[in-house]
Every structure is written in structure tokens, then in C-alpha cells.
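Have a look at data_13.tsv below; it lists TSV, C-alpha atoms and all ligand atoms.
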```
chain	number	residue	atom	x	y	z
A	1	MET	CA	104.63	76.43	62.94
A	2	LYS	CA	105.16	72.68	62.77
A	3	LYS	CA	104.99	70.55	65.90
A	4	LEU	CA	108.29	68.72	66.32
A	5	THR	CA	108.57	65.85	68.76
A	6	LEU	CA	112.05	64.47	69.33
A	7	TYR	CA	112.14	61.01	70.87
A	8	ASN	CA	115.40	60.77	72.71
A	9	GLY	CA	117.15	58.92	75.50
A	10	PRO	CA	118.97	60.03	78.66
A	11	ASN	CA	122.47	59.42	77.24
A	12	SER	CA	122.38	58.68	73.51
A	13	PRO	CA	125.27	60.52	71.79
A	14	PHE	CA	123.26	60.53	68.55
A	15	GLY	CA	120.27	62.02	70.38
A	16	ARG	CA	122.51	64.58	72.06
A	17	LYS	CA	123.79	65.69	68.67
A	18	ALA	CA	120.21	66.24	67.47
A	19	LYS	CA	119.15	68.04	70.67
A	20	ILE	CA	122.17	70.36	70.54
A	21	THR	CA	121.45	71.18	66.91
A	22	SER	CA	117.90	72.18	67.84
A	23	ILE	CA	119.28	74.47	70.57
A	24	VAL	CA	122.00	76.05	68.42
A	25	GLN	CA	119.66	76.52	65.46
A	26	GLU	CA	116.85	77.78	67.74
A	27	ILE	CA	114.30	75.22	66.67
A	28	GLN	CA	111.40	74.75	69.06
A	29	ILE	CA	110.97	71.05	69.86
A	30	GLU	CA	109.22	68.92	72.39
A	31	GLU	CA	111.73	66.37	73.66
A	32	LYS	CA	110.44	63.07	75.02
A	33	ILE	CA	112.93	60.94	76.90
A	34	ILE	CA	111.98	57.30	76.44
A	35	ASN	CA	113.29	53.85	77.19
A	36	VAL	CA	113.91	52.78	73.59
A	37	GLN	CA	113.94	49.06	74.46
A	38	GLU	CA	110.30	49.30	75.58
A	39	ALA	CA	109.10	51.86	73.03
A	40	VAL	CA	106.85	49.57	70.95
A	41	PHE	CA	104.78	52.62	69.93
A	42	LEU	CA	107.77	53.91	67.94
A	43	ASP	CA	107.86	50.91	65.59
A	44	LYS	CA	105.14	52.26	63.31
A	45	ASN	CA	107.25	55.37	62.70
A	46	ASN	CA	110.71	53.85	62.85
A	47	PRO	CA	110.93	50.07	62.34
A	48	LEU	CA	114.54	50.20	63.55
A	49	ARG	CA	113.21	51.48	66.90
A	50	LYS	CA	116.16	53.75	67.47
A	51	ILE	CA	116.63	57.12	69.05
A	52	PRO	CA	116.72	59.87	68.07
A	53	THR	CA	113.54	59.81	65.99
A	54	LEU	CA	111.77	63.03	65.01
A	55	ILE	CA	108.04	63.24	64.37
A	56	VAL	CA	106.87	66.27	62.40
A	57	ASP	CA	103.23	67.30	62.88
A	58	ASN	CA	102.36	63.74	63.88
A	59	ASN	CA	102.47	62.62	60.26
A	60	GLN	CA	106.06	62.68	59.03
A	61	THR	CA	109.01	60.87	60.56
A	62	ILE	CA	112.65	61.80	60.22
A	63	ILE	CA	114.94	58.89	60.97
A	64	ASP	CA	118.64	59.03	61.86
A	65	SER	CA	120.42	61.79	63.76
A	66	ASP	CA	122.18	63.11	60.67
A	67	ASN	CA	118.90	63.62	58.82
A	68	ILE	CA	117.37	65.26	61.90
A	69	CYS	CA	120.34	67.65	62.21
A	70	LEU	CA	120.14	68.51	58.51
A	71	TYR	CA	116.39	69.10	58.87
A	72	PHE	CA	116.84	71.48	61.84
A	73	ASP	CA	119.62	73.28	59.98
A	74	ASN	CA	117.44	73.54	56.90
A	75	ILE	CA	114.41	75.07	58.61
A	76	SER	CA	116.48	77.42	60.80
A	77	LYS	CA	116.94	81.12	60.12
A	78	ASN	CA	120.42	80.92	61.64
A	79	LYS	CA	123.62	80.47	59.73
A	80	THR	CA	124.14	76.91	58.52
A	81	LEU	CA	126.24	74.46	60.54
A	82	PHE	CA	127.20	72.79	57.24
A	83	ASN	CA	129.37	75.45	55.63
A	84	GLN	CA	129.36	74.99	51.84
A	85	ASP	CA	133.08	75.85	51.53
A	86	ASN	CA	134.16	72.76	53.43
A	87	TYR	CA	130.93	70.78	53.21
A	88	TRP	CA	132.44	67.38	52.30
A	89	GLN	CA	135.12	67.69	54.91
A	90	ILE	CA	132.44	68.40	57.53
A	91	MET	CA	130.30	65.47	56.31
A	92	SER	CA	133.26	63.06	56.38
A	93	MET	CA	134.26	64.12	59.88
A	94	ILE	CA	130.66	63.62	61.01
A	95	SER	CA	130.84	60.06	59.63
A	96	VAL	CA	134.07	59.39	61.52
A	97	THR	CA	132.60	60.73	64.76
A	98	ASN	CA	129.43	58.67	64.21
A	99	GLY	CA	131.67	55.63	63.86
A	100	LEU	CA	133.36	56.51	67.13
A	101	MET	CA	129.98	56.74	68.88
A	102	GLU	CA	128.98	53.40	67.37
A	103	ALA	CA	132.18	51.69	68.52
A	104	VAL	CA	131.72	52.95	72.10
A	105	LEU	CA	128.05	51.93	72.01
A	106	GLU	CA	128.76	48.47	70.54
A	107	ARG	CA	131.44	47.85	73.17
A	108	ARG	CA	129.03	48.85	75.90
A	109	MET	CA	126.21	46.66	74.52
A	110	GLU	CA	128.58	43.70	74.43
A	111	LEU	CA	129.68	44.31	78.02
A	112	ILE	CA	126.13	44.32	79.37
A	113	ARG	CA	125.36	40.92	77.82
A	114	PRO	CA	125.59	37.90	80.12
A	115	SER	CA	129.31	37.22	80.65
A	116	ASN	CA	129.19	33.79	78.98
A	117	GLU	CA	127.82	35.40	75.79
A	118	GLN	CA	130.41	38.19	75.56
A	119	SER	CA	133.12	38.11	72.93
A	120	LYS	CA	136.47	39.46	74.13
A	121	ASN	CA	137.60	39.57	70.54
A	122	PHE	CA	134.70	41.87	69.65
A	123	ILE	CA	135.33	44.14	72.65
A	124	ASP	CA	139.05	44.36	71.86
A	125	LYS	CA	138.30	45.22	68.25
A	126	GLN	CA	136.03	48.11	69.31
A	127	GLU	CA	138.63	49.40	71.77
A	128	VAL	CA	141.35	49.37	69.12
A	129	ARG	CA	139.00	51.19	66.74
A	130	ILE	CA	138.13	53.79	69.40
A	131	PHE	CA	141.77	54.65	70.19
A	132	ARG	CA	142.80	54.57	66.52
A	133	THR	CA	139.94	56.92	65.60
A	134	ILE	CA	140.65	59.43	68.37
A	135	GLN	CA	144.34	59.46	67.46
A	136	TRP	CA	143.41	59.95	63.80
A	137	LEU	CA	141.15	62.87	64.72
A	138	GLU	CA	143.97	64.41	66.78
A	139	THR	CA	146.14	64.42	63.66
A	140	ASN	CA	143.59	65.10	60.95
A	141	TRP	CA	140.78	67.23	62.34
A	142	ASN	CA	141.46	70.94	62.13
A	143	ASN	CA	138.08	72.61	62.00
A	144	HIS	CA	138.57	73.84	65.58
A	145	MET	CA	140.59	76.72	64.10
A	146	ASN	CA	137.26	77.97	62.91
A	147	ASN	CA	135.52	80.29	65.37
A	148	GLU	CA	132.12	79.41	63.95
A	149	ILE	CA	130.23	76.45	65.36
A	150	SER	CA	129.88	73.69	62.80
A	151	MET	CA	128.17	70.32	62.72
A	152	ASP	CA	131.41	68.32	62.86
A	153	GLN	CA	132.37	70.14	66.08
A	154	ILE	CA	129.05	69.25	67.72
A	155	SER	CA	129.29	65.64	66.58
A	156	LEU	CA	132.91	65.30	67.71
A	157	ALA	CA	132.19	66.77	71.14
A	158	CYS	CA	129.28	64.33	71.63
A	159	ALA	CA	131.47	61.40	70.54
A	160	LEU	CA	134.40	62.29	72.80
A	161	GLU	CA	132.19	62.98	75.80
A	162	TYR	CA	130.38	59.70	75.23
A	163	THR	CA	133.75	57.92	75.11
A	164	LYS	CA	134.58	59.46	78.49
A	165	PHE	CA	131.12	58.61	79.88
A	166	ARG	CA	131.01	54.96	78.80
A	167	PHE	CA	134.62	53.93	78.40
A	168	THR	CA	137.69	55.99	79.22
A	169	ASN	CA	139.53	59.30	79.10
A	170	ASP	CA	142.87	57.56	78.74
A	171	TRP	CA	143.34	59.27	75.37
A	172	THR	CA	143.46	62.81	76.80
A	173	GLU	CA	147.21	62.81	77.55
A	174	LYS	CA	148.21	61.66	74.07
A	175	CYS	CA	145.60	63.71	72.24
A	176	LYS	CA	146.20	67.05	73.88
A	177	LYS	CA	144.92	69.17	71.02
A	178	LEU	CA	141.54	67.46	71.06
A	179	ASN	CA	141.31	67.53	74.82
A	180	ILE	CA	142.10	71.24	75.07
A	181	TRP	CA	139.53	71.96	72.37
A	182	LEU	CA	136.91	69.77	74.10
A	183	THR	CA	137.48	71.45	77.46
A	184	GLU	CA	136.74	74.82	75.85
A	185	PHE	CA	133.83	73.57	73.77
A	186	THR	CA	132.07	71.95	76.73
A	187	LYS	CA	131.82	75.39	78.34
A	188	ASN	CA	129.02	76.17	75.87
A	189	GLU	CA	125.57	76.23	77.52
A	190	PHE	CA	124.22	73.70	75.00
A	191	MET	CA	126.87	71.22	76.12
A	192	LYS	CA	126.20	71.80	79.83
A	193	LYS	CA	122.43	71.41	79.29
A	194	THR	CA	122.81	68.03	77.55
A	195	ILE	CA	125.32	66.11	79.70
A	196	PRO	CA	124.56	62.35	79.45
A	197	LYS	CA	122.88	60.87	82.52
A	198	GLU	CA	122.54	57.29	83.69
A	199	ALA	CA	119.05	56.01	82.83
A	201	LIG	N1	122.53	55.93	62.94
A	201	LIG	C1	121.62	56.18	64.02
A	201	LIG	C2	122.08	55.46	65.28
A	201	LIG	C3	121.12	55.66	66.43
A	201	LIG	C4	121.37	54.65	67.55
A	201	LIG	O1	122.14	53.69	67.41
A	201	LIG	N2	120.67	54.83	68.68
A	201	LIG	C5	120.77	53.91	69.77
A	201	LIG	C6	120.91	54.65	71.10
A	201	LIG	S1	122.43	55.46	71.24
A	201	LIG	C7	119.47	53.12	69.86
A	201	LIG	O2	118.41	53.66	69.67
A	201	LIG	N3	119.56	51.83	70.18
A	201	LIG	C8	118.43	51.00	70.42
A	201	LIG	C9	118.63	49.59	69.99
A	201	LIG	O3	119.58	49.34	69.23
A	201	LIG	O4	117.83	48.78	70.40
A	201	LIG	C10	121.52	57.69	64.23
A	201	LIG	O5	122.49	58.39	63.92
A	201	LIG	O6	120.47	58.17	64.67
```

Would you kindly transcribe this structure into C-alpha cells?
Amino acid sequence: MKKLTLYNGPNSPFGRKAKITSIVQEIQIEEKIINVQEAVFLDKNNPLRKIPTLIVDNNQTIIDSDNICLYFDNISKNKTLFNQDNYWQIMSMISVTNGLMEAVLERRMELIRPSNEQSKNFIDKQEVRIFRTIQWLETNWNNHMNNEISMDQISLACALEYTKFRFTNDWTEKCKKLNIWLTEFTKNEFMKKTIPKEA
């Protein structure tokens, strides 16, 4: 069996997506929570120095959460999270939810810069994108009808919970369908085990 080391952070939504996929697909991993800003050792494996990063047997690196999730899904004996019947729909929804995570993250990164370096215009743009995307998902995402767990569901749950964690839950009134679904989905053990924590 291959040794899988997942470098992760305490609250990365991308890392959470990868960790949840390992749990759901029953892939044995060693998770190492690191401070990515100080993780110089990671640069030889991932020049972007981002989490999550997966090291396989100390000699192969898998970069980017989507590739890590696909890898776990691929080596798992469990049913795929990327159903072939609606594969492209799942992949596109994952991209939208990744974009939502990115917008929340970018907004946060801007807000922790010294106040004289912050751009209000940039922050506003991310906030508009966040609300527009959640509203779009409320209207267009319908894979919750499916009783089977799929990768877009995991990614969406991580993105919405990260939005609540770092920004706001002001969307929950308007986007009732998503909020009801999320409330149910977060009852899963893999969601409870991976709640984002302050570093
Ligand atoms: N596309 C990447 C994004 C990963 C990402 O942005 N990770 C953030 C943490 S949430 C990170 O490592 N940031 C460190 C930095 O930018 O210095 C993925 O899906 O894995």
C-alpha cells in the first residue's frame, strides 16, 4: 500500500475537500497540518507552495485539490464520486464552487493586508461575485436530488461553509434551498470531523 501524506491547513476549503474525499472513499492518509506561509520544505514538491498538496510514497507529488480528489476516487474501491452520467455537470459545478472558495479567500487575504494597502474596489468585486455565485447555485444546482454523495456536493458544502466561516451567512434567507440542503449535508460525520478552525 502506498504511503500518502496530505499537507493541509486548519481551515483551507480546498484542503477540506481533499480530506473529506479521503474519508468518503476510505483512503488511508497521513494528514499533516502546516502553516503554509512558513512551509519552505514544500517548495521542492510544489513551487506554488499551496495546500492541499499530496505526496505519494515520498517520490510523487499531486498538486491541486481537484487532482487529489480525482486520485483518491481513482484508487478507491468505493463507488465513484464523479458519476459518468452527469460527469461534465459535476465538473462544471466543482469549478463554480472552487471559484466561490477563491473569492472568499481573496477577499479575506485583502482584508488582512495593512489597511492603507487594501483595495475597497477589489473587496467589493469579490463580495458581488460571492453573492452572485451563491444565488446562481440556488437556481441552477440540482444534484441534491440525488441520494448518492457526489464530488460537487462535497465541494459545494466546503465552499458554503467557508463563506459562513470567513464572510457571512446573509445569503441563507434568500437561498433557502441551498441552506436546507447544507443543514442536512453537514450532519454527515465527515463534515463534522472537518469543521474549519482558526489557526
Ligand atoms: N487551486 C488550488 C488552490 C489552493 C489554495 O489556494 N490554497 C490556499 C489555502 S486555502 C493556499 O495554500 N494559500 C497559500 C498562499 O497563497 O500563500 C487547489 O484547489 O488546491

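Proximity to Thr61 of chain A at 10 Å, evaluated using all atoms listed in the file and with sequence-adjacent residues fewer than 5 positions away removed, yields Leu4, Thr5, Leu6, Lys44, Asn45, Asn46, Thr53, Leu54, Ile55, Val56 and Ile68 of chain A.
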
Item checked: Nearby residues (all atoms listed in the file) at most 12 Å from Gly15 of chain A, same-chain spacing under 2 positions excluded, as JSON, numbers by chain -> {"A": [6, 7, 8, 9, 10, 11, 12, 13, 17, 18, 19, 20, 21, 22, 31, 32, 33, 34, 36, 50, 51, 52, 53, 54, 63, 64, 65, 66, 67, 68, 69, 98, 101, 154, 155, 158, 159, 162, 194, 195, 196]}

Per-axis box centre and lengths in Å around ligand LIG 201 (chain A), 3 Å margin per side, axis-aligned, as lines of an AutoDock Vina configuration file:
```
center_x = 120.2
center_y = 53.6
center_z = 67.1
size_x = 10.7
size_y = 15.6
size_z = 14.3
```

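Straight-line separation from atom O2 of ligand LIG 201 (chain A) to atom CA of Glu138 of chain A: 27.9 Å.
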
Check: With all atoms listed in the file as the atoms that count, which of A:Phe14, A:Tyr71, A:Phe167, A:Phe185 lies nearest to ligand LIG 201 (chain A)?
Finding: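 Nearest candidate to ligand LIG 201 (chain A) out of A:Phe14, A:Tyr71, A:Phe167, A:Phe185: A:Phe14.
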
Checklist line | Using all atoms listed in the file: which of A:Ile149, A:Leu178, A:Ala39, A:Met93 has the shortest distance to ligand LIG 201 (chain A) | finding: A:Ala39

Notebook entry, point to check: Restricting the calculation to only C-alpha atoms, which member of A:Ala157, A:Met151, A:Ile130, A:Leu182 is positioned closest to Leu70 of chain A?
Noted result: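 That would be A:Met151, the residue with the smallest distance to Leu70 of chain A.
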
Margin query: Using all atoms listed in the file, can you tell me which of A:Tyr87, A:Trp171, A:Phe122, A:Phe165 comes closest to Ile134 of chain A?
Written below: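 Using all atoms listed in the file, the shortest distance to Ile134 of chain A belongs to A:Trp171.
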